[in-house]
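Shown next, in structure tokens, is the structure this report addresses.
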Amino acid sequence: MKKFIIALILGFSGMLSAQNSVSGTVTDNQNQPLPGVSVYVPELHKGTTTDANGKYELNNLPNGALRLAFTYVGYANQNKTIAKLLKQNTLDVTLEESILEMDEVVVSTPFNKLQSQNVMKIEHESIKTLQQKGTSTLIEGLATIPGVSQISTGTSIGKPVIRGLSGNRVLVYSQGVRIENQQFGDEHGLGLNDAGIESVEVIKGPASLLYGSDALGGVLYFNPEKFADAGDFKANFSQKYFTNTQGSNSSIGLKTSTENWKFLARGSYNTHSDYKIADGDRVTNSRYNETDFKTGIGYSNSTFSSVLRYNYNKLDIGIPEDGIAEQSSSKDTQFPRQGIFNHLLSLNNVIFFENSKLDVDLGYIANDRSEFEDSNEASLHMKLNTFNYNAKYHFPKFGKIETIVGVQGMHQTNKNSGEEYLIPDATTNDFGVFGTANYEWNSNVLQAGLRFDNRNVTSIAHGNEGEEGYFLPLDKSFDSFNASLGYKTKLAEPLTLRLNVATGFRAPNLAELTSNGVHEGTNRYEIGNANLKTEQNVQTDLNLEYKNTHFEFFVNGFYNHVNNYIYTSPTGELRDDNDVFAYVQDNAQLYGGEVGLHFHPHPLDWLHFETSFETVTGKKDNNDYLPLIPANNWNNTLRTEFNIKNFLSEGFASLNVSSTFSQDNVSGFETASKGYTLVNLGFGGTVKLGKTAFDINLNGNNLFDKKYIAHLSRLKTDGIPNIGRNIVLGVNFNL
């Protein structure tokens, strides 16, 4: 298939020829040229850099409208649109200095506006910024974003939580494709490595209009690494060492581009021993190993852009069942353990017409998950194959109105080959159709959309009636209509208001519909319910944002009402010495928000102070609390930026104090959690030794070796604390 796609692209490229170009000069507000500014065309995955005189040029551009993003450290990003390209176009740009957050282009929303122009408030973080915090995994870094938490099993397994919703209620996208990796299980992690990922965008709230089922709680959208600029060849090697787990993370990558063609490849290896708690003991079999490989090839010209990407990820994860037992620094996993192989193939295409364009994204995911109890013969072996498609047509702009219509779908099969069955062999088919429009006038933006979805789930019978692992055949269909309405306005020049109302839905997953057995991840005997209805929610979001040169303040509030919220409830029975829990439904509501500020005092241009507070409360209609709701958190960071002449550039030092409060609002089978405060230090920058330059990061996490147990830790029921002090040293060489 891969050869066929490349041949198809080559065939098209022979028929089509370049037509348009754009060039110009980028200067500062003193009219001085800015060298090294990144000029990027997102639709074409194509970019260049300004020369010593601030000049740039891009060729082989399509007809119609074209958007260019101008990015430079220390300056506010600019997103410029040429309404209609001519044969030769000139676009000069002036960048304004900015010491606060850069204004990034948001890819996860349909109109790809800058954050400041977007109707929805989207959190955007570069992976480089998350890595500077010294976290050992991608999900740990995500959990530092206000409104995002994680359900963790030691340091190896983490599941994202957005404003109290987790599991299949949070959708994850990578390479433009929805990730499907049996994420219903509590002990099933994200399965993504941060190597080869550029940034992450977080939609906090229902995004079913854009993504369909499973986006009821929000979306994590990972943007892959960009290709090199035309004519460039780049290679880099990075290495990190973690003292707590004696862990190592190695990554090497290369990329090159011509005027039309681009290629990149990156391989990484991650290995960790059992993690230490505060008193120095190790949590037995919390070790893990990860191999990751990403590659991509792309072609673009004046008529279309096409990018083919592939990601292979292999995980070998120990399951810490014995708590603090045998002490070892070995990295070879013991039984029980998980073995996971994940293949992700994506083809992202943009076809340009005179005044419109068509986006077509195709994806294939093969997820092979095994659990080994006491031998190398898998007791549980599931293979999940998923094909999905997403086509969006961008109509020609009509006055101030932009309109998109699209179709999305998924075909998925699950097959078991082990003795143990968590869920039956099954087939799932999704189909959705949607339309959305964006109307912009003066400093106001109005965005609205409608969508219809159908999900059909069929499974086959398995096992003997009355025994564990017995499943009746299933044939269920779920329909849902959803809508969203958003409004953004400037109340004053530095003050922005956003108000969004959106509905979302989630069809019950196979585990909820069919479970009949002991779920090792929760130590419960779980019984599914084939009569479960679709979860449907309505969420209202209010965002107020004040921003000037030296001060930034935001407050986000939300109220989320969920009909037919699915959860497990104890029946009072015992089976196989385990408490029996059945899947039931009830209406629920979640509410809370985030508030924060970023202060950059003048004339202390080297100093930044950031603080944020987040809270969420979740209740059923009977006023009982929902399970797995994160505790309130107050996060404070003091950061300095500096240069040491001829030695260190873009240097930084940071002090972070994160206070997590006690969580007493727990469901019937949860236990309350005590509060704790962690202190973290960071230092880094670009070191110059003669002609050699490399980036360095040094982090001390949980610096005072605080002994604590996070409320969302799955090891909490066994009284096992989270990770103790961890010193992380990282270097990155551009070869």
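Simple scheme: letters A, B, ... for chains in structure tokens order, numbers from 1 for residues in each chain, numbers from 1 for ligands in the order shown.
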Neighbour list for segment 597-603 of chain A as a list of chain:residue names, cut-off 7 Å, only C-alpha atoms, skip fewer than 3 positions in-chain: A:His550, A:Phe551, A:Glu552, A:Phe553, A:Phe554, A:Leu607, A:His608, A:Phe609, A:Glu610, A:Thr611, A:Ser612
Neighbour list for Ser116 of chain A as a PyMOL selection string, cut-off 12 Å, only C-alpha atoms, skip fewer than 2 positions in-chain: chain A and resi 76-79+101-106+112-114+118-124+443-445+488-490+494-498+544-547
Write out, as an mmCIF file, in the first residue's frame, the residues just selected, with N, CA and C atoms.
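Output file again_20.cif is given in full below:
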```cif
data_model
loop_
_atom_site.group_PDB
_atom_site.id
_atom_site.type_symbol
_atom_site.label_atom_id
_atom_site.label_comp_id
_atom_site.auth_asym_id
_atom_site.auth_seq_id
_atom_site.Cartn_x
_atom_site.Cartn_y
_atom_site.Cartn_z
ATOM 1 N N ALA A 76 5.919 38.373 19.085
ATOM 2 C CA ALA A 76 4.580 37.808 18.942
ATOM 3 C C ALA A 76 4.431 37.171 17.564
ATOM 4 N N ASN A 77 3.891 35.955 17.540
ATOM 5 C CA ASN A 77 3.635 35.289 16.265
ATOM 6 C C ASN A 77 2.631 36.086 15.437
ATOM 7 N N GLN A 78 2.758 35.964 14.117
ATOM 8 C CA GLN A 78 1.769 36.575 13.232
ATOM 9 C C GLN A 78 1.259 35.537 12.248
ATOM 10 N N ASN A 79 -0.042 35.592 12.008
ATOM 11 C CA ASN A 79 -0.709 34.679 11.088
ATOM 12 C C ASN A 79 -1.272 35.534 9.961
ATOM 13 N N GLU A 101 3.581 34.667 26.511
ATOM 14 C CA GLU A 101 3.416 33.453 25.720
ATOM 15 C C GLU A 101 3.291 33.783 24.226
ATOM 16 N N MET A 102 3.848 32.925 23.377
ATOM 17 C CA MET A 102 3.702 33.107 21.944
ATOM 18 C C MET A 102 2.290 32.705 21.521
ATOM 19 N N ASP A 103 1.751 33.385 20.517
ATOM 20 C CA ASP A 103 0.403 33.136 20.020
ATOM 21 C C ASP A 103 0.485 32.096 18.905
ATOM 22 N N GLU A 104 0.137 30.852 19.230
ATOM 23 C CA GLU A 104 0.339 29.754 18.299
ATOM 24 C C GLU A 104 -0.887 29.513 17.411
ATOM 25 N N VAL A 105 -0.642 28.977 16.214
ATOM 26 C CA VAL A 105 -1.721 28.530 15.344
ATOM 27 C C VAL A 105 -2.326 27.258 15.935
ATOM 28 N N VAL A 106 -3.658 27.225 16.050
ATOM 29 C CA VAL A 106 -4.350 26.063 16.607
ATOM 30 C C VAL A 106 -4.754 25.137 15.465
ATOM 31 N N ASN A 112 -8.303 26.720 12.042
ATOM 32 C CA ASN A 112 -6.858 26.893 12.224
ATOM 33 C C ASN A 112 -6.448 28.348 12.456
ATOM 34 N N LYS A 113 -7.136 29.000 13.383
ATOM 35 C CA LYS A 113 -6.814 30.380 13.718
ATOM 36 C C LYS A 113 -5.675 30.419 14.733
ATOM 37 N N LEU A 114 -5.108 31.621 14.926
ATOM 38 C CA LEU A 114 -4.240 31.831 16.072
ATOM 39 C C LEU A 114 -5.066 31.693 17.347
ATOM 40 N N ASN A 118 -9.238 32.555 18.147
ATOM 41 C CA ASN A 118 -10.085 31.361 18.204
ATOM 42 C C ASN A 118 -11.272 31.567 19.137
ATOM 43 N N VAL A 119 -12.433 31.008 18.757
ATOM 44 C CA VAL A 119 -13.632 31.101 19.589
ATOM 45 C C VAL A 119 -13.491 30.232 20.836
ATOM 46 N N MET A 120 -12.902 29.045 20.674
ATOM 47 C CA MET A 120 -12.683 28.158 21.814
ATOM 48 C C MET A 120 -11.335 28.457 22.450
ATOM 49 N N LYS A 121 -11.269 28.359 23.770
ATOM 50 C CA LYS A 121 -9.997 28.506 24.470
ATOM 51 C C LYS A 121 -9.276 27.161 24.430
ATOM 52 N N ILE A 122 -8.182 27.103 23.703
ATOM 53 C CA ILE A 122 -7.405 25.873 23.543
ATOM 54 C C ILE A 122 -6.052 26.055 24.232
ATOM 55 N N GLU A 123 -5.687 25.101 25.088
ATOM 56 C CA GLU A 123 -4.357 25.137 25.707
ATOM 57 C C GLU A 123 -3.336 24.571 24.725
ATOM 58 N N HIS A 124 -2.262 25.298 24.496
ATOM 59 C CA HIS A 124 -1.214 24.865 23.570
ATOM 60 C C HIS A 124 0.123 24.858 24.296
ATOM 61 N N SER A 443 -14.206 43.130 16.115
ATOM 62 C CA SER A 443 -13.452 42.321 17.083
ATOM 63 C C SER A 443 -14.296 41.167 17.614
ATOM 64 N N ASN A 444 -15.330 40.778 16.836
ATOM 65 C CA ASN A 444 -16.240 39.710 17.254
ATOM 66 C C ASN A 444 -16.131 38.509 16.333
ATOM 67 N N VAL A 445 -16.307 37.327 16.911
ATOM 68 C CA VAL A 445 -16.333 36.088 16.138
ATOM 69 C C VAL A 445 -17.489 35.234 16.651
ATOM 70 N N LYS A 488 -16.857 35.066 20.633
ATOM 71 C CA LYS A 488 -15.668 35.723 21.174
ATOM 72 C C LYS A 488 -15.754 37.206 20.848
ATOM 73 N N THR A 489 -15.395 38.029 21.834
ATOM 74 C CA THR A 489 -15.389 39.465 21.606
ATOM 75 C C THR A 489 -14.326 40.115 22.470
ATOM 76 N N LYS A 490 -13.915 41.311 22.075
ATOM 77 C CA LYS A 490 -13.001 42.112 22.890
ATOM 78 C C LYS A 490 -13.835 43.134 23.659
ATOM 79 N N PRO A 494 -7.293 45.102 25.747
ATOM 80 C CA PRO A 494 -6.547 43.968 26.300
ATOM 81 C C PRO A 494 -7.441 42.867 26.898
ATOM 82 N N LEU A 495 -8.789 43.010 26.820
ATOM 83 C CA LEU A 495 -9.696 42.115 27.537
ATOM 84 C C LEU A 495 -10.571 41.347 26.549
ATOM 85 N N THR A 496 -10.467 40.001 26.580
ATOM 86 C CA THR A 496 -11.198 39.136 25.657
ATOM 87 C C THR A 496 -12.173 38.252 26.425
ATOM 88 N N LEU A 497 -13.378 38.111 25.872
ATOM 89 C CA LEU A 497 -14.405 37.243 26.451
ATOM 90 C C LEU A 497 -14.751 36.146 25.456
ATOM 91 N N ARG A 498 -14.806 34.902 25.951
ATOM 92 C CA ARG A 498 -15.252 33.772 25.135
ATOM 93 C C ARG A 498 -16.382 33.057 25.870
ATOM 94 N N LEU A 544 -12.426 34.425 30.349
ATOM 95 C CA LEU A 544 -12.109 35.845 30.379
ATOM 96 C C LEU A 544 -10.593 35.965 30.426
ATOM 97 N N GLU A 545 -10.035 36.774 29.511
ATOM 98 C CA GLU A 545 -8.584 36.837 29.356
ATOM 99 C C GLU A 545 -8.150 38.295 29.225
ATOM 100 N N TYR A 546 -7.200 38.677 30.068
ATOM 101 C CA TYR A 546 -6.630 40.029 30.004
ATOM 102 C C TYR A 546 -5.143 39.894 29.689
ATOM 103 N N LYS A 547 -4.691 40.651 28.696
ATOM 104 C CA LYS A 547 -3.285 40.504 28.300
ATOM 105 C C LYS A 547 -2.727 41.839 27.826
#
```
Contacts of segment 380-397 of chain A within 6 Å, only C-alpha atoms, excl. fewer than 3 positions in-chain, as number ranges by chain: A: 355-371, 401-418, 420
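Of the residues under consideration (A:Thr71, A:Asn223, A:Thr534, A:Ser302), A:Asn223 shows the shortest atom-to-atom contact distance to Glu201 of chain A when counting only C-alpha atoms.
Going from atom CA of Ile145 of chain A to atom CA of Ile696 of chain A covers 22.9 Å.
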DSSP strand (DSSP E) residues within segment 358-554 of chain A, as a ChimeraX atom specification: /A:358-372,380-394,401-416,426-441,444-459,474-492,495-506,516-519,524-527,535-547,551-554
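Remark: for Gly167 of chain A, the closest of the candidate residues A:Phe70, A:Tyr567, A:Phe263, A:Tyr583 is A:Tyr567 (distances computed over only C-alpha atoms).
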Mind checking which residues fall within 12 Å of Ile127 of chain A, counting only C-alpha atoms, ignoring those fewer than 5 positions away in the same chain, and posting them as a PDB file with C-alpha atoms, in the first residue's frame?
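Generated file (result17.pdb):
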```pdb
ATOM      1  CA  GLN A 132      12.071  21.302  30.373  1.00  0.00           C
ATOM      2  CA  LYS A 133       9.962  20.406  33.413  1.00  0.00           C
ATOM      3  CA  GLY A 134      11.945  17.147  33.702  1.00  0.00           C
ATOM      4  CA  THR A 135       9.017  14.733  33.591  1.00  0.00           C
ATOM      5  CA  THR A 137       6.822  10.485  30.381  1.00  0.00           C
ATOM      6  CA  LEU A 138       4.599  12.420  28.010  1.00  0.00           C
ATOM      7  CA  ILE A 139       1.502  12.080  30.201  1.00  0.00           C
ATOM      8  CA  GLU A 140       3.393  13.429  33.249  1.00  0.00           C
ATOM      9  CA  GLY A 141       4.183  16.549  31.261  1.00  0.00           C
ATOM     10  CA  LEU A 142       0.562  16.929  30.144  1.00  0.00           C
ATOM     11  CA  THR A 144       1.212  20.075  34.422  1.00  0.00           C
ATOM     12  CA  ILE A 145      -1.312  21.885  32.152  1.00  0.00           C
ATOM     13  CA  ASN A 193       6.304   8.676  23.040  1.00  0.00           C
ATOM     14  CA  ASP A 194       7.158  12.395  23.083  1.00  0.00           C
ATOM     15  CA  ALA A 195      10.021  11.941  20.575  1.00  0.00           C
ATOM     16  CA  GLY A 196       8.963  13.262  17.178  1.00  0.00           C
ATOM     17  CA  ILE A 197       6.061  15.296  18.570  1.00  0.00           C
ATOM     18  CA  GLU A 198       6.147  19.075  18.156  1.00  0.00           C
ATOM     19  CA  SER A 199       3.344  20.235  20.454  1.00  0.00           C
ATOM     20  CA  VAL A 200       0.043  19.315  22.082  1.00  0.00           C
ATOM     21  CA  GLU A 201      -3.295  21.095  22.031  1.00  0.00           C
ATOM     22  CA  PHE A 222      -0.580  15.919  19.238  1.00  0.00           C
ATOM     23  CA  ASN A 223       1.080  17.770  16.360  1.00  0.00           C
ATOM     24  CA  PRO A 224       3.936  15.792  14.770  1.00  0.00           C
ATOM     25  CA  GLU A 225       7.452  17.124  14.243  1.00  0.00           C
TER      26      GLU A 225
END
```
Distance in Å - atom CA of Ala588 of chain A versus atom CA of Asn622 of chain A: 8.7 Å
Residues of segment 460-559 of chain A in helix (DSSP H, G or I), written as a PDB file with all heavy atoms, in the first residue's frame:
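Full text of result-v2.pdb as output:
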```pdb
ATOM      1  N   LEU A 510     -17.289  -1.604  24.701  1.00  0.00           N
ATOM      2  CA  LEU A 510     -17.538  -3.046  24.809  1.00  0.00           C
ATOM      3  C   LEU A 510     -17.439  -3.547  26.241  1.00  0.00           C
ATOM      4  O   LEU A 510     -18.207  -4.424  26.660  1.00  0.00           O
ATOM      5  CB  LEU A 510     -16.556  -3.808  23.921  1.00  0.00           C
ATOM      6  CG  LEU A 510     -16.955  -3.969  22.454  1.00  0.00           C
ATOM      7  CD1 LEU A 510     -15.795  -4.545  21.656  1.00  0.00           C
ATOM      8  CD2 LEU A 510     -18.181  -4.856  22.320  1.00  0.00           C
ATOM      9  N   ALA A 511     -16.491  -3.010  26.998  1.00  0.00           N
ATOM     10  CA  ALA A 511     -16.337  -3.455  28.384  1.00  0.00           C
ATOM     11  C   ALA A 511     -17.588  -3.140  29.187  1.00  0.00           C
ATOM     12  O   ALA A 511     -18.051  -3.948  30.006  1.00  0.00           O
ATOM     13  CB  ALA A 511     -15.112  -2.794  29.014  1.00  0.00           C
ATOM     14  N   GLU A 512     -18.152  -1.948  28.969  1.00  0.00           N
ATOM     15  CA  GLU A 512     -19.352  -1.553  29.709  1.00  0.00           C
ATOM     16  C   GLU A 512     -20.568  -2.360  29.286  1.00  0.00           C
ATOM     17  O   GLU A 512     -21.460  -2.643  30.092  1.00  0.00           O
ATOM     18  CB  GLU A 512     -19.601  -0.056  29.500  1.00  0.00           C
ATOM     19  CG  GLU A 512     -18.512   0.819  30.115  1.00  0.00           C
ATOM     20  CD  GLU A 512     -18.496   2.232  29.566  1.00  0.00           C
ATOM     21  OE1 GLU A 512     -19.046   2.457  28.465  1.00  0.00           O
ATOM     22  OE2 GLU A 512     -17.917   3.107  30.229  1.00  0.00           O
ATOM     23  N   LEU A 513     -20.625  -2.749  28.010  1.00  0.00           N
ATOM     24  CA  LEU A 513     -21.778  -3.490  27.498  1.00  0.00           C
ATOM     25  C   LEU A 513     -21.714  -4.980  27.812  1.00  0.00           C
ATOM     26  O   LEU A 513     -22.752  -5.629  27.997  1.00  0.00           O
ATOM     27  CB  LEU A 513     -21.881  -3.312  25.980  1.00  0.00           C
ATOM     28  CG  LEU A 513     -22.240  -1.910  25.463  1.00  0.00           C
ATOM     29  CD1 LEU A 513     -21.974  -1.823  23.969  1.00  0.00           C
ATOM     30  CD2 LEU A 513     -23.700  -1.590  25.760  1.00  0.00           C
ATOM     31  N   THR A 514     -20.497  -5.553  27.894  1.00  0.00           N
ATOM     32  CA  THR A 514     -20.393  -7.017  27.883  1.00  0.00           C
ATOM     33  C   THR A 514     -19.605  -7.635  29.027  1.00  0.00           C
ATOM     34  O   THR A 514     -19.593  -8.868  29.161  1.00  0.00           O
ATOM     35  CB  THR A 514     -19.724  -7.474  26.565  1.00  0.00           C
ATOM     36  OG1 THR A 514     -18.375  -6.977  26.538  1.00  0.00           O
ATOM     37  CG2 THR A 514     -20.484  -6.967  25.345  1.00  0.00           C
TER      38      THR A 514
END
```
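Between atom CA of Ile203 of chain A and atom CA of Asn636 of chain A the interatomic distance comes to 22.8 Å.
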Within 10 Å of segment 523-532 of chain A: each segment 451-485 of chain A residue with its shortest pair, only C-alpha atoms, as a tab-separated table:
```
residue	atom	partner	partner_atom	distance
A:Glu468	CA	A:Tyr525	CA	9.2
A:Phe471	CA	A:Gly528	CA	9.6
A:Leu472	CA	A:Ala530	CA	9.2
A:Pro473	CA	A:Ala530	CA	9.9
A:Leu474	CA	A:Ala530	CA	7.7
A:Asp475	CA	A:Ala530	CA	9.4
A:Lys476	CA	A:Ala530	CA	8.5
```
Non-local contacts of segment 685-691 of chain A (7 Å; only C-alpha atoms; under 4 positions in same chain excluded) as a PyMOL selection string: chain A and resi 646-652+695-697
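Of the residues listed (A:Asp579, A:Asp279, A:Glu535, A:Asp292), A:Asp292 shows the shortest atom-to-atom separation from Leu344 of chain A; distances use only C-alpha atoms.
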Shell around Glu467 of chain A at 12 Å using only C-alpha atoms, local window under 4 positions removed, as a list in words: Tyr421, His462, Gly463, Phe471, Leu472, Ser515, Asn516, Gly517, Val518, Ile527, Arg575 and Asp576 of chain A
